[in-house]
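Chemist: Take a look at this one; I'll ask things after.
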There are 2 protein chains.
Amino acid sequence: MKKSIGAHTLVFPTPTWVVGSYDSEGKPNVMTAAWGGICCSKPPCIGVSLREATYTYGAIMERKAFTVNVPSEAHVAEADFFGIASGRDVDKFAVSGLTPVRSDLVDAPYVKEFPLVLECKVLHANKIGLHTHFVGEILDVKADESTLGENGLPDIEKVKPIIFSPSARSYHGVGELLGQAFSIGTDFLKG
Amino acid sequence: MKKSIGAHTLVFPTPTWVVGSYDSEGKPNVMTAAWGGICCSKPPCIGVSLREATYTYGAIMERKAFTVNVPSEAHVAEADFFGIASGRDVDKFAVSGLTPVRSDLVDAPYVKEFPLVLECKVLHANKIGLHTHFVGEILDVKADESTLGENGLPDIEKVKPIIFSPSARSYHGVGELLGQAFSIGTDFLKG
């Protein structure tokens, strides 16, 4: 039996991503965002939604660029901090001890210690309501070599990304392998 | 040391969601989508990106409504099948044995057997490139009572959503609790 919960932003999974940008004075900043997802394959694009009130919003509007940084479980406290504090008040890199790296491709910094980063150029900024949906074209994906799998691509079990649950406001790891896509459902094709 | 992987839609986590719609003749259909995420808090909105070539694309354009259904681990094979077959060719509900339920709120069906469903009215359809980003206002969230936690909301560990890894094209469960958001990072605030 299903129970009506009401009109809420409640779905699973949502990501724990850290958005990197430079402010107007060139100070690197990061903020955590759970409202986002891949939104196009060609060109490859990722969307993140931010409130106008955030410091990052103004920075991205000005620089037309951002990075999406995927923290590993080991940095869950830093990722949480990046979602609590504002870059208006504090230097989050300095306080956390993490290291900003200037992207060669876009006008934004990425987090050296995080295993997976996407460098993005803003294609669209669509105001939906409280949040504006920034569509960033992914110009490059960079990954720590230690996280690469046999196919040469980052392995989710080595990156250890963080899942956010909006209902309990909790962070979770990635669990066991359930199966291969475009494979385990093929039995149904046989009717 | 970071390695450049190139311009790819490669990030973790991405969801495994099943989008429900009615076609022009009223046949319920479902397709699996990993390109999506919450995109606004007020009004509460979720975005899913679909190619124009999909059968679901035309259905949503016509009906201006869709559902987002969160399959549990137990239905990973069905979720995979929903991403392989096309509603043009087969009745995916009939083949899978799952049950379409007509939403009272929007002109779309949801999947009875899936523990968490969102009923959405289309606010925007933004063509980005190969994919169009459908922004749906969440009119209601419905959850199986068996998945509710102590706070009355769906518990991610009971819903058991499926994580998709674009690099290995694999499905994964949700792992262990890492901590509470807006809490485990507060030590950094003390400087």
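Just so we're on the same page: first chain in the structure tokens is A, next is B, and so on; residues restart at 1 for each chain, and ligands are numbered from 1 in the order they show up.
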What's the 10 Å shell around Lys2 (chain A), counting only C-alpha atoms, without same-chain residues fewer than 6 positions away, as a list of chain:residue names?
Modeler: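 That gives B:Lys112, B:Glu113, B:Phe114, B:Pro115, B:Leu116, B:Val117, B:Val141, B:Lys142, B:Ala143, B:Asp144, B:Glu145, B:Ser146, B:Thr147.
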Chemist: Need to verify the contact set: region 92-101 of chain A, 9 Å, only C-alpha atoms, exclusion of same-chain residues closer than 6 positions in sequence. Can you return it as a ChimeraX atom specification?
Modeler: /A:20,28-31,78,81-82,85-86,108-113 /B:188-189,191
Chemist: Take the residues that were just selected and, keeping N, CA, C and O atoms, output them as a compact mmCIF listing (two decimals), in the first residue's frame.
Modeler:
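Heads up, here's the output in selection_2.txt:
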```txt
# COMPACT_ATOMS: atom_id res chain seq x y z
N GLY A 20 33.02 23.62 -7.94
CA GLY A 20 34.14 24.53 -7.79
C GLY A 20 34.00 25.75 -8.69
O GLY A 20 33.57 25.64 -9.85
N PRO A 28 39.36 30.80 -5.03
CA PRO A 28 38.68 29.55 -5.32
C PRO A 28 37.67 29.22 -4.23
O PRO A 28 37.95 29.44 -3.04
N ASN A 29 36.54 28.71 -4.65
CA ASN A 29 35.49 28.36 -3.69
C ASN A 29 34.85 27.04 -4.11
O ASN A 29 34.95 26.62 -5.27
N VAL A 30 34.23 26.40 -3.15
CA VAL A 30 33.53 25.14 -3.39
C VAL A 30 32.24 25.13 -2.61
O VAL A 30 32.17 25.67 -1.50
N MET A 31 31.21 24.51 -3.20
CA MET A 31 29.98 24.28 -2.43
C MET A 31 29.42 22.92 -2.81
O MET A 31 29.61 22.42 -3.92
N GLU A 78 34.54 16.86 4.94
CA GLU A 78 34.86 18.06 4.15
C GLU A 78 33.69 18.40 3.21
O GLU A 78 33.32 19.57 3.06
N PHE A 81 30.99 20.01 5.20
CA PHE A 81 31.38 21.38 5.54
C PHE A 81 31.18 22.32 4.35
O PHE A 81 30.69 23.46 4.50
N PHE A 82 31.53 21.86 3.17
CA PHE A 82 31.39 22.70 1.96
C PHE A 82 29.93 23.06 1.67
O PHE A 82 29.66 23.97 0.89
N ALA A 85 29.09 25.98 5.15
CA ALA A 85 29.69 27.31 5.18
C ALA A 85 29.49 28.02 3.84
O ALA A 85 29.20 27.38 2.82
N SER A 86 29.64 29.34 3.85
CA SER A 86 29.57 30.12 2.61
C SER A 86 30.94 30.71 2.28
O SER A 86 31.64 31.20 3.17
N ALA A 108 37.83 27.78 -13.69
CA ALA A 108 37.34 27.27 -12.41
C ALA A 108 38.39 26.34 -11.81
O ALA A 108 39.19 25.75 -12.55
N PRO A 109 38.37 26.21 -10.49
CA PRO A 109 39.33 25.30 -9.82
C PRO A 109 38.69 23.94 -9.54
O PRO A 109 37.47 23.84 -9.41
N TYR A 110 39.53 22.92 -9.46
CA TYR A 110 39.01 21.64 -8.98
C TYR A 110 39.77 21.24 -7.71
O TYR A 110 40.77 21.86 -7.35
N VAL A 111 39.24 20.21 -7.05
CA VAL A 111 39.79 19.78 -5.77
C VAL A 111 40.78 18.65 -6.01
O VAL A 111 40.41 17.56 -6.47
N LYS A 112 42.03 18.93 -5.71
CA LYS A 112 43.10 17.96 -5.98
C LYS A 112 42.86 16.61 -5.31
O LYS A 112 43.11 15.56 -5.90
N GLU A 113 42.38 16.64 -4.07
CA GLU A 113 42.28 15.41 -3.29
C GLU A 113 41.06 14.55 -3.66
O GLU A 113 40.95 13.41 -3.17
N PHE B 188 34.65 21.72 11.23
CA PHE B 188 35.47 22.67 10.48
C PHE B 188 35.05 24.13 10.75
O PHE B 188 35.84 25.06 10.57
N LEU B 189 33.79 24.30 11.16
CA LEU B 189 33.30 25.66 11.43
C LEU B 189 34.03 26.29 12.61
O LEU B 189 34.14 27.50 12.71
N GLY B 191 37.00 26.19 13.07
CA GLY B 191 38.28 26.68 12.61
C GLY B 191 39.42 25.81 13.08
O GLY B 191 40.53 26.23 13.15
```
Chemist: When distances are computed from only C-alpha atoms, which of B:Asn151, B:Ser49, B:Ser72, B:Gln180 shows the smallest separation from Ala125 (chain B)?
Modeler: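 The shortest atom-to-atom distance to Ala125 (chain B) comes from B:Ser49.
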Chemist: Quick one: which residues from chain B are at most 6 Å off chain A, using only C-alpha atoms, as a CSV table (one decimal) with C-alpha atoms, in the first residue's frame?
Modeler:
```csv
chain,number,residue,atom,x,y,z
B,1,MET,CA,48.1,11.9,-10.2
B,2,LYS,CA,45.0,12.6,-12.3
B,3,LYS,CA,44.6,11.2,-15.8
B,4,SER,CA,42.5,12.9,-18.5
B,5,ILE,CA,39.7,10.7,-19.6
B,6,GLY,CA,38.1,13.0,-22.1
B,7,ALA,CA,34.8,14.6,-22.6
B,8,HIS,CA,32.4,12.0,-21.4
B,9,THR,CA,29.2,11.7,-19.4
B,13,PRO,CA,26.5,8.4,-8.7
B,15,PRO,CA,20.3,7.0,-10.7
B,35,TRP,CA,20.3,11.1,-16.9
B,36,GLY,CA,18.3,13.0,-14.3
B,37,GLY,CA,18.2,14.7,-10.9
B,38,ILE,CA,16.3,17.0,-8.6
B,39,CYS,CA,16.6,20.5,-10.2
B,40,CYS,CA,14.5,22.9,-7.9
B,42,LYS,CA,10.4,25.5,-4.8
B,44,PRO,CA,9.8,20.9,-6.1
B,49,SER,CA,16.7,13.9,-20.0
B,77,ALA,CA,16.3,-7.1,-14.1
B,78,GLU,CA,13.0,-5.4,-14.9
B,80,ASP,CA,17.3,-3.1,-17.1
B,81,PHE,CA,14.7,-4.5,-19.5
B,129,GLY,CA,21.5,18.5,-27.8
B,130,LEU,CA,20.9,14.8,-28.3
B,131,HIS,CA,18.8,15.0,-25.1
B,138,ILE,CA,6.6,17.0,-8.4
B,139,LEU,CA,2.9,17.1,-7.4
B,140,ASP,CA,3.2,14.1,-5.0
B,141,VAL,CA,5.6,11.5,-3.8
B,142,LYS,CA,4.1,8.1,-2.9
B,143,ALA,CA,5.9,5.4,-1.0
B,144,ASP,CA,5.2,1.9,0.1
B,145,GLU,CA,4.4,2.0,3.8
B,169,ARG,CA,27.5,0.1,-17.2
B,170,SER,CA,26.8,-1.7,-13.9
B,171,TYR,CA,24.2,-1.5,-11.2
B,172,HIS,CA,25.0,-1.2,-7.6
B,173,GLY,CA,23.1,-1.1,-4.3
B,174,VAL,CA,23.4,1.5,-1.6
B,175,GLY,CA,26.1,0.9,1.0
B,176,GLU,CA,26.6,1.8,4.6
B,177,LEU,CA,25.7,4.9,6.4
B,178,LEU,CA,28.6,7.4,6.4
B,179,GLY,CA,27.1,10.1,8.6
B,180,GLN,CA,24.5,12.9,9.0
B,181,ALA,CA,24.5,15.8,6.6
B,184,ILE,CA,29.6,15.7,10.4
B,185,GLY,CA,31.2,18.7,8.8
```
Chemist: Can you tell me, as a ChimeraX atom specification, which residues in chain A count as strand (DSSP E) by DSSP?
Modeler: /A:2-6,14-15,17-22,28-33,36-40,45-51,65-70,100-102,109-111,116-127,131-144,163-165,170-180
Chemist: Between CA of Glu52 (chain B) and CA of Gly136 (chain B), what distance in Å does the model show, to one decimal?
Modeler: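 Taking CA of Glu52 (chain B) and CA of Gly136 (chain B), their separation equals 16.9 Å.
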Chemist: How close does each residue of region 87-180 of chain B get to region 55-64 of chain B, giving the shortest atom pair and distance in Å to one decimal for every residue with an atom at most 8 Å away, counting only C-alpha atoms, sorted by chain and residue number, as a tab-separated table?
Modeler:
```
residue	atom	partner	partner_atom	distance
B:Gly87	CA	B:Tyr55	CA	6.0
B:Arg88	CA	B:Tyr55	CA	6.2
B:Asp107	CA	B:Arg63	CA	6.3
B:Ala108	CA	B:Arg63	CA	7.8
B:Lys121	CA	B:Lys64	CA	6.1
B:Val122	CA	B:Lys64	CA	5.0
```
Chemist: I need the chosen residues saved as a tab-separated table (two decimals), in the first residue's frame, with N, CA, C and O atoms.
Modeler:
```tsv
chain	number	residue	atom	x	y	z
B	87	GLY	N	8.80	0.86	-26.13
B	87	GLY	CA	7.35	0.77	-26.06
B	87	GLY	C	6.68	0.78	-27.43
B	87	GLY	O	5.49	0.47	-27.54
B	88	ARG	N	7.43	1.15	-28.45
B	88	ARG	CA	6.90	1.06	-29.81
B	88	ARG	C	6.64	-0.39	-30.20
B	88	ARG	O	5.73	-0.69	-30.95
B	107	ASP	N	-1.41	12.87	-15.87
B	107	ASP	CA	-1.84	11.97	-16.95
B	107	ASP	C	-0.71	10.98	-17.29
B	107	ASP	O	-0.14	11.01	-18.38
B	108	ALA	N	-0.39	10.14	-16.32
B	108	ALA	CA	0.70	9.17	-16.48
B	108	ALA	C	0.52	8.02	-15.50
B	108	ALA	O	-0.12	8.20	-14.45
B	121	LYS	N	4.25	16.95	-13.37
B	121	LYS	CA	3.64	17.75	-14.44
B	121	LYS	C	4.78	18.50	-15.13
B	121	LYS	O	5.60	19.14	-14.47
B	122	VAL	N	4.82	18.45	-16.47
B	122	VAL	CA	5.93	19.07	-17.20
B	122	VAL	C	5.84	20.59	-17.13
B	122	VAL	O	4.83	21.19	-17.49
```
Chemist: As a PyMOL selection string, please: every residue in region 4-190 of chain A that DSSP puts in alpha helix (DSSP H).
Modeler: chain A and resi 55-63+76-84+92-96+156-159
Chemist: Which distance in Å separates CA of Ala65 (chain B) and CA of Val106 (chain B), to one decimal?
Modeler: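 CA of Val106 (chain B) lies at a distance of 5.9 Å from CA of Ala65 (chain B).
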